[in-house]
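Below is one structure, written out as structure tokens, with a few remarks after it.
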Amino acid sequence: MRAGSGLANPGVADSPGDGPAVRVRIAPSPTGPLHIGTARTALFNYLFARRTGGTFILRLEDTDLERSTPAYEKDILEGLRWLGLGWDEGPGLPGELDRGPYGPYRQMERLARYASISAGLLADDKAYYCYCTAAELDAERKRLEAARLAPRYSGRCAHLSAAERAAFEAEGRRPAIRFRIEPGSVVFDDLVRGRVQIDASALGGDLVIVRAGGTPLYHFCVVVDDAAMKISHVIRGEDHLSNTPKHILLFRALGEAEPRFAHLPLILNPDRTKMSKRKSQTAVDDYIGEGFIREGMVNYLALLGWSTGSEEEILGIDEIAARFSLEHIQKGGAVFDRERLEWLNGQWIRRLSPTELVDRLRPFLQEEADGARIDRLPADSELELLMPLVQERLPVLGAIGDLVDFLFSEHIDLDPAQLVPKRWDRATALDGLGYARVTIGEVAQADFEPDQLEAPLRALAEARGWKAGDLFMTIRVAVTGRTATPPLFQTLVALGRERVLGRLDSAIVLLAAGAREGGQE
RNA sequence: GCCCCCAUCGUCUAGAGGCCUAGGACGCCACCCUUUCAAGGUGGAGAUCAGGGGUUCGAAUCCCCUUGGGGGCACCA
């Protein structure tokens, strides 16, 4: 038994009580980048393990040789780590060589085990060799489809004689191995949905568990491994609900105890179909690339299909783990709402310390530099001063460029039209910039502070009968090239006296040139 | 086609028979704050709890049916 978790959580109804220790797993297949749905499933497993004092295991289901790649494997591991979902057993652990008491945790390294177990099933006649070719099976499926019948294997290799098998072998056919689905009804108590009953006749006939090529298939591996790794709770997406009876039948055939099952509601596209790459942004990497932070992502994902049962919602992963319970999992699917994710992300960005925020922003600034949108990479000390100006303006870290690029590049793009506030005409803007140039020029380098700038500029506006906001806007555009920026006076200080004056001069020149060409106004 | 699951504001959800003339959050709309943009504050619109039958003194909550939606049915995972 592992850590005395039962003692720590006497009231957890989901826990198996005095039963076996809680062991849960996330079993991604490295056939694509880490998917939002996988991340959410991993998170729920992680939370359940933490809540119950159980063990969280990572296992790679890499038996699809066609599509699995080391690059995807790396992406998935890094993504899970990025989210803060550390696993207790599995590949890539600091301890080296992926082990743990039940390894290896990569299915392609467990082939011997699958082979011996499938041999056992064959010996017990719980499985048999099937010589049907892909083309034959395909034709059979099409025939059923045309007759508007459910696709299902006929079972024509279920009782071959030795002579028939020999004949197929002589033809050069290589057999797959099929598991016999015996008639009957399979019932299980899903921890989220309650009692589920499915008749074996609806399972599509005898199931291929080993390919003709010899590699094992998912439904088989998942059961062999869950049994071998002593998984106590299988927490996974609802898309596996209908497959569960197959797994249960396999557990029984293997003489292994069945784990408890908990099927999570699906994450949906806006049209309420299962979230897909085609209709939604599904790669966790892409969200990281935009500047979503782990705290926001975890908080959002946890609340997709689960709730505290109260009105709390901004919660860190430990707070979530402390409140987590399978009972509060929603049954219906949940549409992925990016707006809400952004809001939550902004909430967490605002909670970061300035130094922490600088650290997280650095890669995004680097990207700005790489893209030549800024000329130089600012130093940490310089950035820290800026944090109060940008922190509450960042829904995602990737928005940093738009907020500060004018500070770190010598050239800014100016749209002359934007230099003229709505209530003003071009001549007034020219006037405003001219007077502002003089006023700011009168503020000495030593006095170049927000308050020292604001007072005289407000006085200027009043003296000329302008609304201060209009004057500030034309200055803002002149020195930043943008109409939306952090507060003006702090921005001026961040830019520095010389650059402010230089940009005002350039703006005046630009506007004056436009006035000559554009005629009267 | 067959099997399974699901169903509260546009979205995420609270709600486990009376506390609900259904609460919160995102988004949206106003107003306040304000030099812009944000942030923050206040207020508002927004759900006949999919529909219909029951059960009950009483139902969003329990049961049944209908409708709608989704998922699964590979020598993919």
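Quick note on naming: the chains in the structure tokens go A, B, ... in the order shown, residues restart at 1 in each chain, and ligands are numbered from 1 in order of appearance.
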Select residues of chain B: the criterion is any atom within 6 Å of an atom of chain A, counting only C-alpha atoms (C1' of nucleotides); output as a PyMOL selection string.
chain B and resi 1-4+6+24+26+35-39+71-72+75
Can you list, as a count of residues only, all residues belonging to stretch 372-497 of chain A that DSSP tags as alpha helix (DSSP H)?
69
Determine which residues of stretch 223-278 of chain A receive a DSSP assignment of strand (DSSP E), computed from the backbone, and state them as a ChimeraX atom specification.
/A:233-237,260-264,267-268
Taking into account only C-alpha atoms (C1' of nucleotides), which residue in the set B:G41, B:G70, B:G46, B:G17 is nearest to A:Asn269?
B:G70
Spatial neighbours of A:Glu498, max dist 12 Å, only C-alpha atoms (C1' of nucleotides), sep filter under 5 positions, as an mmCIF file with N, CA and C atoms, in the first residue's frame:
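File produced: around_9.cif:
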```
data_model
loop_
_atom_site.group_PDB
_atom_site.id
_atom_site.type_symbol
_atom_site.label_atom_id
_atom_site.label_comp_id
_atom_site.auth_asym_id
_atom_site.auth_seq_id
_atom_site.Cartn_x
_atom_site.Cartn_y
_atom_site.Cartn_z
ATOM 1 N N GLU A 410 13.645 51.470 -33.186
ATOM 2 C CA GLU A 410 13.909 52.863 -33.528
ATOM 3 C C GLU A 410 12.872 53.425 -34.477
ATOM 4 N N ARG A 437 5.638 69.812 -28.364
ATOM 5 C CA ARG A 437 7.080 69.670 -28.584
ATOM 6 C C ARG A 437 7.829 70.701 -27.736
ATOM 7 N N ILE A 440 7.223 69.944 -23.827
ATOM 8 C CA ILE A 440 8.003 68.808 -23.350
ATOM 9 C C ILE A 440 9.489 69.147 -23.405
ATOM 10 N N GLY A 441 9.864 69.910 -24.417
ATOM 11 C CA GLY A 441 11.252 70.318 -24.556
ATOM 12 C C GLY A 441 11.714 71.148 -23.364
ATOM 13 N N VAL A 443 10.893 70.567 -20.360
ATOM 14 C CA VAL A 443 11.110 69.734 -19.178
ATOM 15 C C VAL A 443 12.522 69.155 -19.276
ATOM 16 N N ALA A 444 13.328 69.503 -18.301
ATOM 17 C CA ALA A 444 14.727 69.072 -18.326
ATOM 18 C C ALA A 444 14.840 67.566 -18.136
ATOM 19 N N GLN A 445 15.904 67.016 -18.629
ATOM 20 C CA GLN A 445 16.174 65.588 -18.502
ATOM 21 C C GLN A 445 16.006 65.130 -17.057
ATOM 22 N N PHE A 448 12.391 64.602 -15.994
ATOM 23 C CA PHE A 448 11.564 63.824 -16.909
ATOM 24 C C PHE A 448 10.833 62.692 -16.175
ATOM 25 N N VAL A 479 4.293 59.471 -30.655
ATOM 26 C CA VAL A 479 5.468 58.822 -30.079
ATOM 27 C C VAL A 479 5.413 57.302 -30.060
ATOM 28 N N LEU A 492 5.935 58.098 -21.884
ATOM 29 C CA LEU A 492 6.914 59.102 -22.304
ATOM 30 C C LEU A 492 8.220 58.912 -21.544
ATOM 31 N N VAL A 493 8.081 58.666 -20.253
ATOM 32 C CA VAL A 493 9.274 58.484 -19.436
ATOM 33 C C VAL A 493 10.034 57.239 -19.898
ATOM 34 N N ARG A 503 10.554 61.920 -32.022
ATOM 35 C CA ARG A 503 9.357 61.383 -32.660
ATOM 36 C C ARG A 503 8.295 62.455 -32.870
ATOM 37 N N LEU A 504 8.270 63.422 -31.950
ATOM 38 C CA LEU A 504 7.329 64.529 -32.142
ATOM 39 C C LEU A 504 7.724 65.301 -33.396
ATOM 40 N N ASP A 505 9.026 65.527 -33.545
ATOM 41 C CA ASP A 505 9.508 66.252 -34.735
ATOM 42 C C ASP A 505 9.133 65.496 -36.008
#
```
Selection: 12 Å around A:Ile288, only C-alpha atoms (C1' of nucleotides), excl. self and same-chain fewer than 5 positions, as a list in words:
Leu34, Ile36, Asp75, Glu78, Gly79, Leu80, Trp82, Leu83, Gln281, Thr282, Ala283, Ile293, Arg294, Glu295, Gly296, Met297, Asn345, Arg360, Leu361, Pro363, Phe364, Val396, Leu397 and Gly398 of chain A
Those residues with N, CA, C and O atoms, as an mmCIF file, in the first residue's frame please?
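Wrote it out as selection-v4.cif, contents follow:
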```cif
data_model
loop_
_atom_site.group_PDB
_atom_site.id
_atom_site.type_symbol
_atom_site.label_atom_id
_atom_site.label_comp_id
_atom_site.auth_asym_id
_atom_site.auth_seq_id
_atom_site.Cartn_x
_atom_site.Cartn_y
_atom_site.Cartn_z
ATOM 1 N N LEU A 34 0.323 17.046 -28.265
ATOM 2 C CA LEU A 34 -0.563 16.968 -27.096
ATOM 3 C C LEU A 34 -1.861 17.722 -27.371
ATOM 4 O O LEU A 34 -1.873 18.906 -27.686
ATOM 5 N N ILE A 36 -5.727 19.089 -26.423
ATOM 6 C CA ILE A 36 -6.431 19.688 -25.285
ATOM 7 C C ILE A 36 -7.217 18.632 -24.499
ATOM 8 O O ILE A 36 -7.239 18.636 -23.272
ATOM 9 N N ASP A 75 6.813 15.951 -27.515
ATOM 10 C CA ASP A 75 5.858 17.042 -27.390
ATOM 11 C C ASP A 75 4.849 16.781 -26.264
ATOM 12 O O ASP A 75 4.528 17.662 -25.481
ATOM 13 N N GLU A 78 6.570 16.953 -22.797
ATOM 14 C CA GLU A 78 6.882 18.344 -22.443
ATOM 15 C C GLU A 78 5.620 19.134 -22.128
ATOM 16 O O GLU A 78 5.600 19.969 -21.235
ATOM 17 N N GLY A 79 4.572 18.858 -22.881
ATOM 18 C CA GLY A 79 3.311 19.555 -22.643
ATOM 19 C C GLY A 79 2.742 19.233 -21.273
ATOM 20 O O GLY A 79 2.274 20.123 -20.554
ATOM 21 N N LEU A 80 2.794 17.984 -20.906
ATOM 22 C CA LEU A 80 2.272 17.592 -19.590
ATOM 23 C C LEU A 80 3.103 18.222 -18.480
ATOM 24 O O LEU A 80 2.575 18.693 -17.477
ATOM 25 N N TRP A 82 4.789 20.947 -18.761
ATOM 26 C CA TRP A 82 4.499 22.381 -18.794
ATOM 27 C C TRP A 82 3.248 22.693 -17.967
ATOM 28 O O TRP A 82 3.185 23.680 -17.244
ATOM 29 N N LEU A 83 2.268 21.817 -18.082
ATOM 30 C CA LEU A 83 1.034 22.026 -17.329
ATOM 31 C C LEU A 83 1.223 21.800 -15.832
ATOM 32 O O LEU A 83 0.369 22.166 -15.027
ATOM 33 N N GLN A 281 -8.797 24.863 -32.284
ATOM 34 C CA GLN A 281 -7.360 24.790 -32.037
ATOM 35 C C GLN A 281 -7.176 23.769 -30.935
ATOM 36 O O GLN A 281 -7.559 24.014 -29.798
ATOM 37 N N THR A 282 -6.625 22.597 -31.262
ATOM 38 C CA THR A 282 -6.566 21.516 -30.275
ATOM 39 C C THR A 282 -5.195 21.256 -29.683
ATOM 40 O O THR A 282 -5.081 20.563 -28.684
ATOM 41 N N ALA A 283 -4.143 21.782 -30.293
ATOM 42 C CA ALA A 283 -2.797 21.493 -29.794
ATOM 43 C C ALA A 283 -2.430 22.408 -28.630
ATOM 44 O O ALA A 283 -2.461 23.626 -28.756
ATOM 45 N N ILE A 293 -0.827 30.812 -19.998
ATOM 46 C CA ILE A 293 0.077 30.302 -18.972
ATOM 47 C C ILE A 293 -0.552 29.099 -18.279
ATOM 48 O O ILE A 293 -1.767 28.926 -18.308
ATOM 49 N N ARG A 294 0.300 28.289 -17.692
ATOM 50 C CA ARG A 294 -0.193 27.017 -17.147
ATOM 51 C C ARG A 294 -1.290 27.206 -16.109
ATOM 52 O O ARG A 294 -2.254 26.445 -16.067
ATOM 53 N N GLU A 295 -1.132 28.246 -15.289
ATOM 54 C CA GLU A 295 -2.134 28.451 -14.252
ATOM 55 C C GLU A 295 -3.523 28.678 -14.839
ATOM 56 O O GLU A 295 -4.522 28.159 -14.353
ATOM 57 N N GLY A 296 -3.557 29.481 -15.903
ATOM 58 C CA GLY A 296 -4.838 29.776 -16.534
ATOM 59 C C GLY A 296 -5.391 28.556 -17.245
ATOM 60 O O GLY A 296 -6.589 28.255 -17.172
ATOM 61 N N MET A 297 -4.510 27.852 -17.917
ATOM 62 C CA MET A 297 -4.914 26.676 -18.672
ATOM 63 C C MET A 297 -5.463 25.598 -17.741
ATOM 64 O O MET A 297 -6.520 25.027 -17.984
ATOM 65 N N ASN A 345 -6.969 33.379 -18.032
ATOM 66 C CA ASN A 345 -5.543 33.542 -18.243
ATOM 67 C C ASN A 345 -5.092 34.932 -17.785
ATOM 68 O O ASN A 345 -4.079 35.081 -17.123
ATOM 69 N N ARG A 360 8.475 34.943 -17.831
ATOM 70 C CA ARG A 360 7.548 34.284 -18.758
ATOM 71 C C ARG A 360 7.421 35.035 -20.078
ATOM 72 O O ARG A 360 7.090 34.467 -21.105
ATOM 73 N N LEU A 361 7.685 36.341 -19.991
ATOM 74 C CA LEU A 361 7.551 37.173 -21.179
ATOM 75 C C LEU A 361 8.758 37.051 -22.111
ATOM 76 O O LEU A 361 8.650 37.266 -23.320
ATOM 77 N N PRO A 363 10.547 34.744 -23.660
ATOM 78 C CA PRO A 363 10.484 34.061 -24.969
ATOM 79 C C PRO A 363 9.636 34.815 -25.991
ATOM 80 O O PRO A 363 9.906 34.759 -27.196
ATOM 81 N N PHE A 364 8.640 35.503 -25.503
ATOM 82 C CA PHE A 364 7.769 36.220 -26.439
ATOM 83 C C PHE A 364 8.450 37.467 -26.977
ATOM 84 O O PHE A 364 8.261 37.856 -28.121
ATOM 85 N N VAL A 396 -3.018 37.439 -22.955
ATOM 86 C CA VAL A 396 -2.050 36.367 -23.220
ATOM 87 C C VAL A 396 -0.675 37.010 -23.323
ATOM 88 O O VAL A 396 -0.560 38.184 -23.685
ATOM 89 N N LEU A 397 0.376 36.241 -23.017
ATOM 90 C CA LEU A 397 1.715 36.806 -23.041
ATOM 91 C C LEU A 397 2.108 37.306 -24.429
ATOM 92 O O LEU A 397 2.866 38.256 -24.574
ATOM 93 N N GLY A 398 1.553 36.647 -25.440
ATOM 94 C CA GLY A 398 1.887 37.027 -26.811
ATOM 95 C C GLY A 398 1.442 38.428 -27.184
ATOM 96 O O GLY A 398 1.831 38.953 -28.229
#
```
Skip A:Glu258 itself and residues of its chain fewer than 2 positions away, then list as a PyMOL selection string all residues within 10 Å of it, counting only C-alpha atoms (C1' of nucleotides).
chain A and resi 188+223+226-227+230-234+247-252+255-256+260-261
